[in-house]
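Novice: What follows is model-v7.cif, made up of mmCIF, C-alpha atoms:
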```cif
data_input
loop_
_atom_site.label_atom_id
_atom_site.label_comp_id
_atom_site.auth_asym_id
_atom_site.auth_seq_id
_atom_site.Cartn_x
_atom_site.Cartn_y
_atom_site.Cartn_z
CA MET A 40 -24.58 -17.95 10.14
CA LYS A 41 -24.54 -17.03 6.53
CA ILE A 42 -23.90 -13.62 5.08
CA HIS A 43 -26.37 -12.90 2.32
CA CYS A 44 -25.39 -9.42 1.39
CA VAL A 45 -22.97 -6.61 2.14
CA ALA A 46 -24.05 -3.13 1.15
CA VAL A 47 -22.41 0.26 1.52
CA ILE A 48 -24.51 3.40 1.31
CA SER A 49 -23.00 6.84 0.98
CA ARG A 50 -23.62 9.77 3.23
CA ARG A 51 -26.17 11.16 0.81
CA GLY A 52 -28.15 7.96 0.75
CA ASN A 53 -27.22 6.47 -2.60
CA PRO A 54 -25.89 2.93 -2.66
CA ILE A 55 -22.25 2.74 -3.62
CA TYR A 56 -21.61 -0.96 -3.18
CA LEU A 57 -23.71 -4.09 -3.09
CA ARG A 58 -22.40 -7.62 -2.97
CA ASN A 59 -24.97 -10.34 -3.13
CA PHE A 60 -23.81 -13.77 -1.93
CA ASP A 61 -27.18 -15.34 -2.45
CA SER A 62 -27.63 -17.15 -5.72
CA VAL A 63 -31.36 -17.32 -5.33
CA GLN A 64 -32.41 -13.80 -4.47
CA GLU A 65 -32.04 -10.94 -6.86
CA ASP A 66 -30.07 -7.84 -6.07
CA VAL A 67 -33.16 -5.67 -6.04
CA LYS A 68 -34.45 -7.23 -2.84
CA TYR A 69 -31.22 -6.33 -1.07
CA HIS A 70 -31.31 -2.81 -2.48
CA TYR A 71 -34.77 -2.50 -0.94
CA LEU A 72 -33.56 -3.85 2.41
CA ALA A 73 -30.61 -1.49 2.40
CA HIS A 74 -32.89 1.48 1.80
CA THR A 75 -35.32 0.62 4.53
CA SER A 76 -32.39 0.10 6.86
CA CYS A 77 -31.22 3.63 6.12
CA ASP A 78 -34.22 5.04 7.92
CA VAL A 79 -33.59 2.86 10.94
CA ILE A 80 -29.96 3.94 10.96
CA GLU A 81 -30.89 7.59 10.92
CA GLU A 82 -33.21 7.09 13.83
CA ARG A 83 -30.51 5.37 15.82
CA VAL A 84 -27.91 7.97 14.98
CA ALA A 85 -30.26 10.81 15.84
CA ALA A 86 -31.10 9.17 19.15
CA GLY A 87 -27.33 9.09 19.38
CA LYS A 88 -26.61 8.24 22.96
CA SER A 89 -23.34 6.52 22.24
CA SER A 90 -20.76 7.37 19.65
CA ASP A 91 -20.34 3.70 18.88
CA LEU A 92 -19.96 3.03 15.17
CA TYR A 93 -21.56 -0.38 15.43
CA LEU A 94 -25.34 0.00 15.49
CA GLY A 95 -26.31 -3.58 16.13
CA LEU A 96 -29.44 -5.28 14.94
CA LEU A 97 -31.55 -2.93 12.86
CA GLN A 98 -34.46 -5.07 11.75
CA THR A 99 -35.52 -8.61 10.97
CA VAL A 100 -37.30 -9.34 7.73
CA GLY A 101 -38.65 -12.83 7.26
CA ASP A 102 -35.75 -15.18 7.73
CA MET A 103 -33.08 -12.51 7.50
CA VAL A 104 -31.50 -10.18 10.01
CA VAL A 105 -29.99 -6.85 9.19
CA TYR A 106 -27.09 -5.30 11.07
CA GLY A 107 -25.83 -1.78 10.62
CA TYR A 108 -22.62 0.21 11.08
CA VAL A 109 -21.98 3.84 10.39
CA MET A 110 -18.57 5.35 9.62
CA ASN A 111 -17.48 8.68 11.01
CA THR A 112 -17.88 10.18 7.56
CA GLY A 113 -21.53 9.19 7.44
CA ASN A 114 -21.24 6.25 5.09
CA LYS A 115 -23.21 3.25 6.27
CA ILE A 116 -22.52 -0.45 6.00
CA ILE A 117 -25.40 -2.90 5.98
CA LEU A 118 -24.98 -6.60 6.60
CA VAL A 119 -27.84 -8.95 5.75
CA MET A 120 -27.57 -12.40 7.25
CA SER A 121 -29.70 -15.45 7.71
CA VAL A 122 -31.16 -16.02 11.16
CA PRO A 123 -28.53 -17.92 13.12
CA GLU A 124 -29.46 -21.11 14.93
CA SER A 125 -27.17 -20.42 17.86
CA MET A 126 -26.57 -17.17 19.67
CA VAL A 127 -24.26 -14.97 17.70
CA ARG A 128 -21.93 -12.71 19.63
CA SER A 129 -22.18 -9.07 18.73
CA GLY A 130 -18.40 -9.03 18.95
CA GLU A 131 -18.17 -11.22 15.89
CA ILE A 132 -20.44 -8.99 13.83
CA ARG A 133 -18.51 -5.97 15.04
CA GLU A 134 -15.31 -7.56 13.77
CA ILE A 135 -16.82 -8.16 10.36
CA PHE A 136 -17.82 -4.52 10.15
CA GLN A 137 -14.40 -3.38 11.26
CA GLU A 138 -12.78 -5.42 8.53
CA ILE A 139 -15.04 -3.88 5.91
CA HIS A 140 -14.37 -0.43 7.35
CA ALA A 141 -10.60 -1.06 7.20
CA ALA A 142 -10.89 -2.18 3.58
CA TYR A 143 -12.87 0.96 2.80
CA ILE A 144 -10.18 3.13 4.39
CA ALA A 145 -7.50 1.33 2.38
CA LEU A 146 -9.50 2.02 -0.75
CA ALA A 147 -9.91 5.69 0.11
CA CYS A 148 -6.17 6.02 0.73
CA ASN A 149 -5.23 4.58 -2.64
CA PRO A 150 -3.47 7.39 -4.52
CA PHE A 151 -4.85 6.08 -7.81
CA ASN A 152 -8.41 6.29 -6.59
CA GLU A 153 -10.12 9.09 -8.46
CA LYS A 154 -13.65 8.45 -7.31
CA ARG A 155 -15.80 11.10 -5.78
CA GLU A 156 -17.93 10.43 -2.75
CA GLU A 157 -21.09 9.42 -4.57
CA ASP A 158 -19.38 7.09 -7.01
CA ARG A 159 -19.62 3.34 -6.87
CA LEU A 160 -16.82 1.55 -5.06
CA GLU A 161 -14.74 -0.26 -7.62
CA SER A 162 -11.70 -1.97 -6.29
CA SER A 163 -10.49 -5.51 -6.64
CA LYS A 164 -8.92 -5.44 -3.16
CA PHE A 165 -12.19 -4.36 -1.56
CA ASP A 166 -14.04 -7.07 -3.49
CA MET A 167 -11.51 -9.62 -2.28
CA VAL A 168 -11.97 -8.66 1.35
CA VAL A 169 -15.75 -8.84 1.07
CA ASP A 170 -15.60 -12.13 -0.83
CA GLU A 171 -13.34 -13.59 1.81
CA LEU A 172 -15.76 -12.55 4.56
CA GLY A 173 -18.64 -14.08 2.64
CA ARG A 174 -16.65 -17.25 2.16
CA ILE A 175 -15.71 -17.57 5.81
CA HIS A 176 -19.24 -16.99 7.03
CA ALA A 177 -21.00 -19.13 4.50
CA ASN A 178 -22.62 -21.75 6.68
CA MET R 67 30.93 -7.63 9.32
CA ALA R 68 27.25 -8.01 8.58
CA LYS R 69 26.36 -7.82 12.25
CA GLN R 70 28.37 -4.65 12.58
CA TYR R 71 26.51 -2.99 9.72
CA ARG R 72 23.19 -4.08 11.16
CA ASN R 73 24.09 -2.46 14.46
CA ILE R 74 25.26 0.72 12.80
CA GLY R 75 22.00 0.90 10.90
CA GLU R 76 19.87 0.38 13.98
CA GLU R 77 21.88 2.89 15.97
CA ALA R 78 21.46 5.43 13.25
CA TRP R 79 17.71 4.85 12.98
CA LYS R 80 17.21 5.07 16.72
CA ASN R 81 19.30 8.09 17.50
CA ASN R 82 20.45 10.04 14.56
CA VAL R 83 17.46 10.61 12.33
CA GLU R 84 14.35 12.68 12.72
CA LYS R 85 11.13 10.85 12.07
CA VAL R 86 8.11 11.93 10.11
CA SER R 87 4.60 10.48 9.94
CA ALA R 88 4.51 7.44 7.70
CA GLU R 89 1.08 8.30 6.34
CA LEU R 90 2.18 11.79 5.39
CA PHE R 91 5.14 10.36 3.52
CA ILE R 92 3.14 7.65 1.77
CA PHE R 93 0.37 10.01 0.72
CA THR R 94 2.87 12.59 -0.53
CA TYR R 95 4.67 10.00 -2.58
CA GLY R 96 1.39 8.60 -3.90
CA SER R 97 0.18 12.02 -5.02
CA LEU R 98 3.53 12.59 -6.64
CA VAL R 99 3.31 9.43 -8.71
CA VAL R 100 -0.32 10.08 -9.67
CA GLN R 101 0.52 13.62 -10.73
CA LEU R 102 3.41 12.37 -12.86
CA VAL R 103 1.11 9.82 -14.46
CA LYS R 104 -1.37 12.57 -15.31
CA ASP R 105 1.32 14.88 -16.64
CA TYR R 106 3.22 12.41 -18.78
CA GLU R 107 0.45 9.96 -19.66
CA ASP R 108 3.14 7.41 -20.56
CA TYR R 109 4.19 5.00 -17.84
CA GLY R 110 7.68 4.51 -19.27
CA ALA R 111 8.29 8.25 -19.05
CA VAL R 112 6.99 8.25 -15.46
CA ASN R 113 9.47 5.50 -14.57
CA LYS R 114 12.28 7.59 -16.02
CA GLN R 115 11.21 10.69 -14.13
CA LEU R 116 10.98 8.79 -10.86
CA ASP R 117 14.45 7.43 -11.47
CA LYS R 118 15.78 10.92 -12.20
CA MET R 119 14.22 12.30 -9.05
CA GLY R 120 15.65 9.42 -7.08
CA TYR R 121 19.06 10.09 -8.58
CA ASN R 122 18.97 13.68 -7.38
CA ILE R 123 17.95 12.50 -3.94
CA GLY R 124 20.63 9.81 -3.87
CA VAL R 125 23.58 12.07 -4.66
CA ARG R 126 22.68 14.17 -1.62
CA LEU R 127 21.56 11.34 0.59
CA ILE R 128 24.93 9.62 0.51
CA ASP R 129 26.62 12.56 2.22
CA ASP R 130 23.97 12.50 4.93
CA LEU R 131 24.49 8.78 5.43
CA LEU R 132 28.25 9.03 5.63
CA ALA R 133 28.07 11.97 8.00
CA ARG R 134 25.71 10.23 10.39
CA THR R 135 27.41 6.88 10.44
CA GLY R 136 31.05 7.73 9.85
CA LEU R 137 31.48 4.66 7.67
CA GLU R 138 34.58 4.31 5.54
CA ARG R 139 34.97 3.23 1.96
CA CYS R 140 33.83 -0.37 1.38
CA GLN R 141 36.39 -2.88 0.20
CA ASP R 142 34.20 -4.70 -2.27
CA LEU R 143 30.73 -4.84 -3.72
CA HIS R 144 29.60 -7.35 -1.12
CA ALA R 145 30.29 -4.85 1.64
CA THR R 146 28.61 -2.13 -0.38
CA ALA R 147 25.49 -4.26 -0.74
CA GLU R 148 25.41 -4.84 3.01
CA VAL R 149 25.75 -1.14 3.74
CA ILE R 150 22.96 -0.26 1.31
CA SER R 151 20.55 -2.74 2.82
CA LYS R 152 21.44 -2.70 6.51
CA VAL R 153 22.42 0.93 6.95
CA GLY R 154 20.99 2.92 4.06
CA PHE R 155 17.51 1.49 3.80
CA LYS R 156 17.32 1.03 7.56
CA MET R 157 18.23 4.61 8.32
CA PHE R 158 15.85 6.24 5.88
CA LEU R 159 12.94 3.83 5.53
CA ASN R 160 13.37 1.54 8.53
CA ILE R 161 13.37 -1.57 6.37
CA THR R 162 16.17 -4.02 5.71
CA PRO R 163 15.90 -5.62 2.30
CA SER R 164 17.83 -8.86 2.01
CA VAL R 165 20.75 -9.15 -0.37
CA ALA R 166 20.53 -12.12 -2.70
CA ASN R 167 21.03 -13.53 -6.19
CA TRP R 168 24.65 -12.60 -6.64
CA SER R 169 25.86 -13.10 -10.18
CA ALA R 170 28.84 -15.34 -10.89
CA ASP R 171 31.21 -12.44 -11.39
CA SER R 172 29.98 -10.70 -8.24
CA LYS R 173 29.04 -7.61 -10.17
CA GLU R 174 25.29 -7.90 -9.79
CA PHE R 175 23.03 -8.52 -6.85
CA SER R 176 19.42 -8.17 -5.85
CA LEU R 177 17.76 -6.39 -2.99
CA ILE R 178 14.63 -8.24 -1.96
CA LEU R 179 12.15 -5.93 -0.26
CA ASP R 180 9.70 -7.95 1.81
CA ASP R 181 7.89 -4.92 2.97
CA ASN R 182 7.96 -1.62 1.15
CA PRO R 183 6.22 1.13 3.12
CA LEU R 184 5.57 3.14 -0.05
CA ASN R 185 3.19 0.42 -1.18
CA ASP R 186 0.73 0.67 1.70
CA PHE R 187 -2.79 1.39 0.48
CA CYS R 188 -1.66 1.55 -3.13
CA GLU R 189 -3.53 -0.35 -5.81
CA LEU R 190 -2.29 0.03 -9.36
CA PRO R 191 -4.91 0.39 -12.08
CA PRO R 192 -4.73 -2.43 -14.65
CA LYS R 193 -3.40 -0.12 -17.36
CA ALA R 194 -0.46 0.86 -15.16
CA ILE R 195 0.39 -2.79 -14.64
CA GLN R 196 0.10 -3.53 -18.34
CA ASP R 197 2.27 -0.62 -19.38
CA GLY R 198 4.99 -1.42 -16.91
CA LEU R 199 4.82 1.23 -14.19
CA TRP R 200 7.29 0.61 -11.37
CA TYR R 201 5.62 2.50 -8.54
CA SER R 202 8.63 2.75 -6.23
CA ASN R 203 11.13 3.46 -8.99
CA VAL R 204 12.42 6.44 -7.05
CA LEU R 205 14.25 3.94 -4.83
CA CYS R 206 16.23 2.72 -7.84
CA GLY R 207 17.28 6.27 -8.61
CA VAL R 208 18.35 6.85 -5.01
CA VAL R 209 20.62 3.78 -5.03
CA ARG R 210 22.07 4.72 -8.42
CA GLY R 211 22.74 8.31 -7.35
CA ALA R 212 24.34 7.33 -4.05
CA LEU R 213 26.60 4.73 -5.69
CA GLU R 214 27.65 7.15 -8.39
CA MET R 215 28.91 9.49 -5.68
CA MET R 216 30.99 6.57 -4.45
CA GLN R 217 32.53 6.29 -7.89
CA MET R 218 30.46 3.33 -9.04
CA GLN R 219 28.41 3.55 -12.19
CA THR R 220 25.48 1.22 -11.84
CA GLU R 221 22.26 0.21 -13.45
CA VAL R 222 19.51 -0.21 -10.89
CA THR R 223 16.09 -1.48 -11.90
CA PHE R 224 13.05 -3.13 -10.45
CA VAL R 225 12.51 -6.67 -11.64
CA ARG R 226 9.56 -7.69 -9.50
CA ASP R 227 6.97 -5.74 -7.56
CA VAL R 228 4.18 -6.87 -5.25
CA LEU R 229 1.92 -4.17 -6.69
CA ARG R 230 2.11 -5.94 -10.03
CA GLY R 231 1.16 -9.27 -8.53
CA ASP R 232 4.59 -10.77 -7.87
CA GLU R 233 5.34 -12.35 -4.52
CA THR R 234 7.99 -9.88 -3.46
CA SER R 235 9.59 -6.72 -4.69
CA GLU R 236 13.09 -7.09 -6.08
CA ILE R 237 15.59 -4.45 -7.18
CA ARG R 238 18.52 -5.55 -9.34
CA VAL R 239 21.79 -3.64 -8.92
CA LYS R 240 24.40 -4.07 -11.62
CA LEU R 241 27.85 -2.54 -11.35
CA GLU R 242 28.84 -1.33 -14.78
CA ARG R 243 32.20 0.24 -14.05
CA MET R 244 34.19 2.04 -11.42
CA LEU R 245 34.56 5.71 -12.17
CA ASP R 246 37.90 7.40 -11.76
CA GLU R 247 38.01 10.63 -9.84
CA GLU R 248 36.38 13.11 -12.18
CA VAL R 249 34.79 16.47 -12.03
CA PRO R 250 31.29 15.69 -10.73
CA VAL R 251 28.61 15.72 -13.42
CA GLY R 252 25.97 18.41 -13.18
CA ASP R 253 22.44 17.61 -12.11
CA ASP R 254 20.30 15.91 -14.75
#
```
Can you dump the structure from the file as structure tokens?

Specialist:
Amino acid sequence: MKIHCVAVISRRGNPIYLRNFDSVQEDVKYHYLAHTSCDVIEERVAAGKSSDLYLGLLQTVGDMVVYGYVMNTGNKIILVMSVPESMVRSGEIREIFQEIHAAYIALACNPFNEKREEDRLESSKFDMVVDELGRIHAN
Amino acid sequence: MAKQYRNIGEEAWKNNVEKVSAELFIFTYGSLVVQLVKDYEDYGAVNKQLDKMGYNIGVRLIDDLLARTGLERCQDLHATAEVISKVGFKMFLNITPSVANWSADSKEFSLILDDNPLNDFCELPPKAIQDGLWYSNVLCGVVRGALEMMQMQTEVTFVRDVLRGDETSEIRVKLERMLDEEVPVGDD
């Protein structure tokens, strides 16, 4: 399974991070996907039966699947992947999200981080973690 | 001898010291460094301030260490180095840096810190790296202050730091001279 895009959207709904692993598609398509996924996320969270951070499969668009994860602070992580040939365990996707969440926490705890909530995420360590994930899941 | 110091250090850490949340400590230290950076705007000056603060901590810390462990005066610098790494650092930070890179005249050595808890979560901005900020410089001051109370005048500096991209963090301790019994100098 191949990760096409990792996106982080803030609590207020503005995108604060987008990493596009796809050389073919433009960023704008993933921005669009992230936005439409926001609505789905809000539905799921409002339905809110479980307090699980991992939201599972949100939607499928063409040949891509979109998974979602919401942090306790309300920030959302969107993962766009290509449709896998074999069954993909939700545990694996959950792990990917947890790694991104951990990297986000590390970024937030950085004493030199002056960013406010709505600002874009700019951190070489966070980029490295996301790049590594994209590299591992690139087939 | 080394084993004995290691045991003393572990004993002290287990029984004789009160613990505090690591996150609280790291965040406090981080805010301190960031505030200094904002106030001084010159990374060299921040390094000096951190060293000064560490010095003031060190001169008081040594009494605490000696009281808790009951250690006696070390015979030579080798023993001193062992005490610093296996008892001092262990008791207060729960890490044991390794002692290495002794100079030929046995007056200089390095403390190699594989894992510095102050560094967790910290990411230096590129300008800080360029201008030579040593984030954990307070540790150098602590060692310098403690040794000065044991009548050793030393120069203690960072030479490598993982936050700046090196593989490990390394503190160089250089004994400049032994001080004779004098009236203690006032605080900086």

Novice: Taking the file above as input, evaluate the PyMOL selection byres ((chain R) within 10 of (chain A)) and report the hits as a PDB file with C-alpha atoms, keeping the file's coordinate frame.

Specialist:
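Output file selection-v7.pdb follows:
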```pdb
ATOM      1  CA  GLU R  89       1.080   8.300   6.340  1.00  0.00           C
ATOM      2  CA  ILE R  92       3.140   7.650   1.770  1.00  0.00           C
ATOM      3  CA  PHE R  93       0.370  10.010   0.720  1.00  0.00           C
ATOM      4  CA  THR R  94       2.870  12.590  -0.530  1.00  0.00           C
ATOM      5  CA  TYR R  95       4.670  10.000  -2.580  1.00  0.00           C
ATOM      6  CA  GLY R  96       1.390   8.600  -3.900  1.00  0.00           C
ATOM      7  CA  SER R  97       0.180  12.020  -5.020  1.00  0.00           C
ATOM      8  CA  LEU R  98       3.530  12.590  -6.640  1.00  0.00           C
ATOM      9  CA  VAL R  99       3.310   9.430  -8.710  1.00  0.00           C
ATOM     10  CA  VAL R 100      -0.320  10.080  -9.670  1.00  0.00           C
ATOM     11  CA  GLN R 101       0.520  13.620 -10.730  1.00  0.00           C
ATOM     12  CA  VAL R 103       1.110   9.820 -14.460  1.00  0.00           C
ATOM     13  CA  ASN R 185       3.190   0.420  -1.180  1.00  0.00           C
ATOM     14  CA  ASP R 186       0.730   0.670   1.700  1.00  0.00           C
ATOM     15  CA  PHE R 187      -2.790   1.390   0.480  1.00  0.00           C
ATOM     16  CA  CYS R 188      -1.660   1.550  -3.130  1.00  0.00           C
ATOM     17  CA  GLU R 189      -3.530  -0.350  -5.810  1.00  0.00           C
ATOM     18  CA  LEU R 190      -2.290   0.030  -9.360  1.00  0.00           C
ATOM     19  CA  PRO R 191      -4.910   0.390 -12.080  1.00  0.00           C
TER      20      PRO R 191
END
```

Novice: What's the separation between atom CA of R:Asp171 and atom CA of R:Arg243, in Å to one decimal place?

Specialist: 13.0 Å

Novice: Given the file shown, determine the residues that the PyMOL selection byres ((chain R and resi 72-77) around 9) selects; report them as a list in words.

Specialist: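 Taken on the displayed file, the PyMOL selection byres ((chain R and resi 72-77) around 9) yields the residues Met67, Ala68, Lys69, Gln70, Tyr71, Ala78, Trp79, Lys80, Asn81, Asn82, Thr135, Leu137, Glu148, Val149, Ser151, Lys152, Val153, Gly154, Phe155, Lys156, Met157, Asn160 and Thr162 of chain R.
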
Novice: Can you spit out the residues from that selection as a PDB file, in the frame of the given file, using C-alpha atoms?

Specialist:
```
ATOM      1  CA  MET R  67      30.930  -7.630   9.320  1.00  0.00           C
ATOM      2  CA  ALA R  68      27.250  -8.010   8.580  1.00  0.00           C
ATOM      3  CA  LYS R  69      26.360  -7.820  12.250  1.00  0.00           C
ATOM      4  CA  GLN R  70      28.370  -4.650  12.580  1.00  0.00           C
ATOM      5  CA  TYR R  71      26.510  -2.990   9.720  1.00  0.00           C
ATOM      6  CA  ALA R  78      21.460   5.430  13.250  1.00  0.00           C
ATOM      7  CA  TRP R  79      17.710   4.850  12.980  1.00  0.00           C
ATOM      8  CA  LYS R  80      17.210   5.070  16.720  1.00  0.00           C
ATOM      9  CA  ASN R  81      19.300   8.090  17.500  1.00  0.00           C
ATOM     10  CA  ASN R  82      20.450  10.040  14.560  1.00  0.00           C
ATOM     11  CA  THR R 135      27.410   6.880  10.440  1.00  0.00           C
ATOM     12  CA  LEU R 137      31.480   4.660   7.670  1.00  0.00           C
ATOM     13  CA  GLU R 148      25.410  -4.840   3.010  1.00  0.00           C
ATOM     14  CA  VAL R 149      25.750  -1.140   3.740  1.00  0.00           C
ATOM     15  CA  SER R 151      20.550  -2.740   2.820  1.00  0.00           C
ATOM     16  CA  LYS R 152      21.440  -2.700   6.510  1.00  0.00           C
ATOM     17  CA  VAL R 153      22.420   0.930   6.950  1.00  0.00           C
ATOM     18  CA  GLY R 154      20.990   2.920   4.060  1.00  0.00           C
ATOM     19  CA  PHE R 155      17.510   1.490   3.800  1.00  0.00           C
ATOM     20  CA  LYS R 156      17.320   1.030   7.560  1.00  0.00           C
ATOM     21  CA  MET R 157      18.230   4.610   8.320  1.00  0.00           C
ATOM     22  CA  ASN R 160      13.370   1.540   8.530  1.00  0.00           C
ATOM     23  CA  THR R 162      16.170  -4.020   5.710  1.00  0.00           C
TER      24      THR R 162
END
```

Novice: Tell me, in Å to one decimal, how far atom CA of A:Pro54 is from atom CA of A:Arg159.

Specialist: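 Computed distance, atom CA of A:Pro54 to atom CA of A:Arg159, equals 7.6 Å.
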
Novice: Tell me which protein, DNA and RNA residues are within 10 Å of R:Trp168, counting all atoms listed in the file, leaving out same-chain ones fewer than 3 positions away, and put them as an MDAnalysis selection string.

Specialist: chainID R and resid 144 165 171:177 238:240

Novice: Translate the PyMOL selection byres ((chain R and resi 234) around 12), as applied to the file shown, into an explicit residue set as a list of chain:residue names.

Specialist: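 Checked against the file, the PyMOL selection byres ((chain R and resi 234) around 12) matches R:Pro163, R:Ser164, R:Ser176, R:Leu177, R:Ile178, R:Leu179, R:Asp180, R:Asp181, R:Asn182, R:Asn185, R:Phe224, R:Val225, R:Arg226, R:Asp227, R:Val228, R:Leu229, R:Arg230, R:Gly231, R:Asp232, R:Glu233, R:Ser235, R:Glu236, R:Ile237.
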
Novice: Choose the residue, out of A:Ile42, A:Val100, A:Ala86, A:Val47, that has the smallest atom-to-atom separation from A:Ser62; count all atoms listed in the file.

Specialist: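 Counting all atoms listed in the file, the residue closest to A:Ser62 is A:Ile42.
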
Novice: Quote the spacing between atom CA of A:Ala141 and atom CA of A:Ile80 in Å to one decimal place.

Specialist: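 Computing it gives 20.3 Å between the two atoms.
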
Novice: Find the spatial neighbours of stretch 114-117 of chain A, counting only C-alpha atoms, within a cut-off of 8 Å - ignore same-chain residues fewer than 4 positions away - and output them as a ChimeraX atom specification.

Specialist: /A:44-50,73,76,105-110,136

Novice: Put a box with edges along x, y and z around all the listed atoms of stretch 206-219 of chain R, pad it by 8 Å on each side, then give me its centre and sizes in Å, one decimal, as JSON.

Specialist:
```
{"center_x": 24.4, "center_y": 6.1, "center_z": -8.1, "size_x": 32.3, "size_y": 22.8, "size_z": 24.1}
```

Novice: Considering all atoms listed in the file, state which residue in the set R:Val83, R:Ala147, R:Leu102, R:Val209 is at the smallest distance from R:Lys114.

Specialist: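 Using all atoms listed in the file, R:Lys114 sits closest to R:Leu102.
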
Novice: Determine the nearest neighbour of R:Arg134 from the options R:Phe91, R:Glu84, R:Leu184, R:Leu241, counting all atoms listed in the file.

Specialist: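 Of the candidates, the smallest distance to R:Arg134 is held by R:Glu84.
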
Novice: When distances are computed from all atoms listed in the file, which of A:Met120, A:Arg174, A:Glu134, A:Glu161 shows the smallest separation from A:Met40?

Specialist: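 Of A:Met120, A:Arg174, A:Glu134, A:Glu161, the one nearest A:Met40 is A:Met120, counting all atoms listed in the file.
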
Novice: Excluding A:Phe60 and residues on its chain fewer than 5 positions from it, collect all residues at most 12 Å away from it, counting only C-alpha atoms, and give them as a list in words.

Specialist: Lys41, Ile42, His43, Cys44, Val45, Ala46, Glu65, Asp66, Tyr69, Leu118, Val119, Met120, Ser121, Asp166, Val169, Asp170, Glu171, Leu172, Gly173, Arg174, Ile175, His176, Ala177 and Asn178 of chain A

Novice: Would you kindly place N, CA and C atoms on stretch 121-136 of chain R and return the model as a compact mmCIF listing (two decimals), keeping the file's coordinate frame?

Specialist:
```txt
# COMPACT_ATOMS: atom_id res chain seq x y z
N TYR R 121 17.65 9.82 -8.39
CA TYR R 121 19.06 10.09 -8.58
C TYR R 121 19.46 11.36 -7.86
N ASN R 122 18.67 12.42 -8.04
CA ASN R 122 18.97 13.68 -7.38
C ASN R 122 18.91 13.57 -5.87
N ILE R 123 18.00 12.73 -5.39
CA ILE R 123 17.95 12.50 -3.94
C ILE R 123 19.19 11.73 -3.50
N GLY R 124 19.54 10.69 -4.26
CA GLY R 124 20.63 9.81 -3.87
C GLY R 124 21.97 10.51 -3.76
N VAL R 125 22.27 11.42 -4.70
CA VAL R 125 23.58 12.07 -4.66
C VAL R 125 23.73 12.92 -3.40
N ARG R 126 22.62 13.37 -2.85
CA ARG R 126 22.68 14.17 -1.62
C ARG R 126 22.57 13.31 -0.38
N LEU R 127 21.80 12.23 -0.53
CA LEU R 127 21.56 11.34 0.59
C LEU R 127 22.83 10.69 1.08
N ILE R 128 23.74 10.37 0.14
CA ILE R 128 24.93 9.62 0.51
C ILE R 128 25.79 10.42 1.50
N ASP R 129 25.84 11.73 1.29
CA ASP R 129 26.62 12.56 2.22
C ASP R 129 26.00 12.51 3.60
N ASP R 130 24.68 12.56 3.65
CA ASP R 130 23.97 12.50 4.93
C ASP R 130 24.29 11.18 5.62
N LEU R 131 24.24 10.10 4.85
CA LEU R 131 24.49 8.78 5.43
C LEU R 131 25.89 8.69 5.99
N LEU R 132 26.87 9.13 5.18
CA LEU R 132 28.25 9.03 5.63
C LEU R 132 28.51 9.91 6.84
N ALA R 133 27.87 11.07 6.86
CA ALA R 133 28.07 11.97 8.00
C ALA R 133 27.51 11.36 9.28
N ARG R 134 26.34 10.75 9.18
CA ARG R 134 25.71 10.23 10.39
C ARG R 134 26.36 8.96 10.90
N THR R 135 26.89 8.17 9.98
CA THR R 135 27.41 6.88 10.44
C THR R 135 28.92 6.84 10.51
N GLY R 136 29.60 7.72 9.82
CA GLY R 136 31.05 7.73 9.85
C GLY R 136 31.68 6.51 9.21
```
